[in-house]
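Enquirer: The following block contains the structure, expressed as structure tokens.
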Amino acid sequence: MGLGATPSILYVTICQLRQQEKKNPPSLRWFQLWIKKNPHLYSIKTKPIAQACITMHSEEDVKDFFVEYQNTLSKYGIKQAKYIFNMDESGVRIGCPTREIVIVPTQVKELYTASPENRKSLTIIETICADGRDPPPPVIICPGEKIMENWIQDNLTGAEVITVLPTGYTNERIALAWLDHFIKHAGADPDQHWRILLLDGHITHCQNDFVIKYHENHIIPFQFPSYLTHVLQPLDVGVFHPWKHYHNKAIHDALHSLDMEYSISSFFRDLSTICTQTFQPYTIKNSFHESGMFPVSYKMALKKM
């Protein structure tokens with residue numbers, strides 16, 4: 001990926017080349033005319049890579065995705081919301097709150113508040129179902145070498161999967177553990193009705209071990225197009241934003257209670273409340289509706305393009 005040369009960079013380069021030849025630099029007017037006369041050069045505005053990739057996916061691409069999605073649902077007889085799931089992972093800054101609105105006297109122009117500034121990150125894997133049921137307990141990947149005893153709080157249900165990695169990110173071993181966790185809580189089984197699992201194109205989802213285990217348990221993994229998960233993925237469309245809102249609120253509540261060290265232990269203390277506030281049936285169902293995943297609606301997805 002090249003950065004391109006701005007007019008000023010190009011002009012300075014030409015001046016330097018002329019200097020090496022012991023010739024006078026060209027005037028700026030000459031340079032402007034040279035650009036206009038050169039048939040192989042012209043000016044364009046750069047675009048951030050994410051935006052460029054998004055625009056590559058036309059309405060036709062989205063339509064093709066929905067045709068394949070609908071055909072897959074029909075092939076496996078998936079007509080009810082209870083058989084449609086979405087999983088995704090999200091990075092979480094443990095203790096970095098955003099700003100909050102406060103009431104102050106008119107003479108106060110700025111107000112700085114104490115912040116724990118715990119910049120450690122962990123990864124949380126969540127799964128939701130289109131029927132709005134309570135989701136399976138999350139899988140949480142913490143940075144470190146071992147699980148610390150003081151992390152385990154009474155507020156936890158005991159069904160959460162807590163694991164550690166030095167990076168705090170997922171890998172194939174953890175992803176397989178998540179799949180076993182999902183199979184158990186979704187009630188998937190070779191003798192049960194087929195389920196469809198909507199997910200991103202993470203490389204671990206394509207490994208043979210995953211594909212075999214999916215199909216053995218009557219689960220169809222169905223991937224979103226790259227760079228369109230923010231449009232099509234229910235968790236991205238309607239769940240992770242309120243999740244992070246309630247996490248931020250939990251940090252501020254802790255600060256107001258003079259808990260100035262918002263640690264991993266603090267996070268696990270508040271996790272159950274964060275999840276309860278976030279995963280309301282309406283929120284879950286609406287995320288599938290707004291993304292067009294259920295009821296299936298190509299037009300709903302286009303609204304977010």
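Labeling convention for the structure tokens: chains A, B, ... as they appear, residues from 1 per chain, ligands from 1 in order of appearance.
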Contacts of range 167-179 of chain A at 12 Å or less, counting only C-alpha atoms, minus same-chain residues fewer than 4 places along, as a PyMOL selection string?
Expert: chain A and resi 87-94+120-127+136-146+160-163+183-188+197+202-215+217+219+221
Enquirer: Any chance you could list, as a ChimeraX atom specification, the residues in range 87-274 of chain A that come up strand (DSSP E) when DSSP is run on the backbone?
Expert: /A:87-95,118-129,139-143,161-165,195-199,219-223
Enquirer: Can you write just those residues out, C-alpha atoms, as a short mmCIF file (atom, residue, chain, number, x, y, z; two decimals), in the first residue's frame?
Expert:
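Listed below is the output, part_34.cif:
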data_model
loop_
_atom_site.label_atom_id
_atom_site.label_comp_id
_atom_site.auth_asym_id
_atom_site.auth_seq_id
_atom_site.Cartn_x
_atom_site.Cartn_y
_atom_site.Cartn_z
CA MET A 87 -20.97 -14.84 17.81
CA ASP A 88 -18.19 -12.30 17.91
CA GLU A 89 -15.37 -11.14 20.12
CA SER A 90 -14.66 -7.65 21.35
CA GLY A 91 -11.61 -6.07 22.91
CA VAL A 92 -12.19 -4.37 26.26
CA ARG A 93 -10.01 -1.77 27.99
CA ILE A 94 -10.45 -2.83 31.61
CA GLY A 95 -10.36 0.56 33.29
CA ASN A 118 -5.96 0.68 33.63
CA ARG A 119 -5.04 0.23 29.98
CA LYS A 120 -4.80 -3.54 30.10
CA SER A 121 -7.05 -5.15 27.53
CA LEU A 122 -8.95 -8.41 27.58
CA THR A 123 -11.13 -10.14 25.00
CA ILE A 124 -14.73 -11.15 25.59
CA ILE A 125 -16.58 -13.59 23.29
CA GLU A 126 -20.35 -13.22 23.23
CA THR A 127 -23.09 -15.15 21.46
CA ILE A 128 -26.71 -14.14 20.92
CA CYS A 129 -29.78 -15.83 19.47
CA VAL A 139 -15.80 -16.50 27.34
CA ILE A 140 -13.26 -14.04 28.74
CA ILE A 141 -9.60 -14.09 27.73
CA CYS A 142 -7.40 -12.20 30.19
CA PRO A 143 -3.80 -11.11 29.73
CA VAL A 161 -15.31 -19.45 30.84
CA ILE A 162 -12.26 -17.54 32.06
CA THR A 163 -8.89 -18.24 30.51
CA VAL A 164 -5.54 -16.49 30.15
CA LEU A 165 -3.02 -15.83 27.42
CA ARG A 195 -28.65 -24.20 13.56
CA ILE A 196 -26.87 -21.41 11.68
CA LEU A 197 -24.03 -19.51 13.32
CA LEU A 198 -23.26 -16.09 11.85
CA LEU A 199 -19.64 -15.07 12.33
CA ILE A 219 -24.32 -26.22 13.01
CA ILE A 220 -23.81 -24.25 9.80
CA PRO A 221 -21.10 -21.57 10.12
CA PHE A 222 -21.99 -18.67 7.82
CA GLN A 223 -19.46 -15.89 7.32
#
Enquirer: Could you tell me how far CA of Met305 in chain A sits from CA of Thr278 in chain A, in Å to one decimal place?
Expert: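 Result for CA of Thr278 in chain A versus CA of Met305 in chain A: 25.2 Å, one decimal.
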Enquirer: If you run DSSP over the backbone, which residues in range 164-299 of chain A end up helix (DSSP H, G or I)? Put them as a PyMOL selection string.
Expert: chain A and resi 172-186+203-206+208-216+229-232+234-256+264-278+281-291+298-299
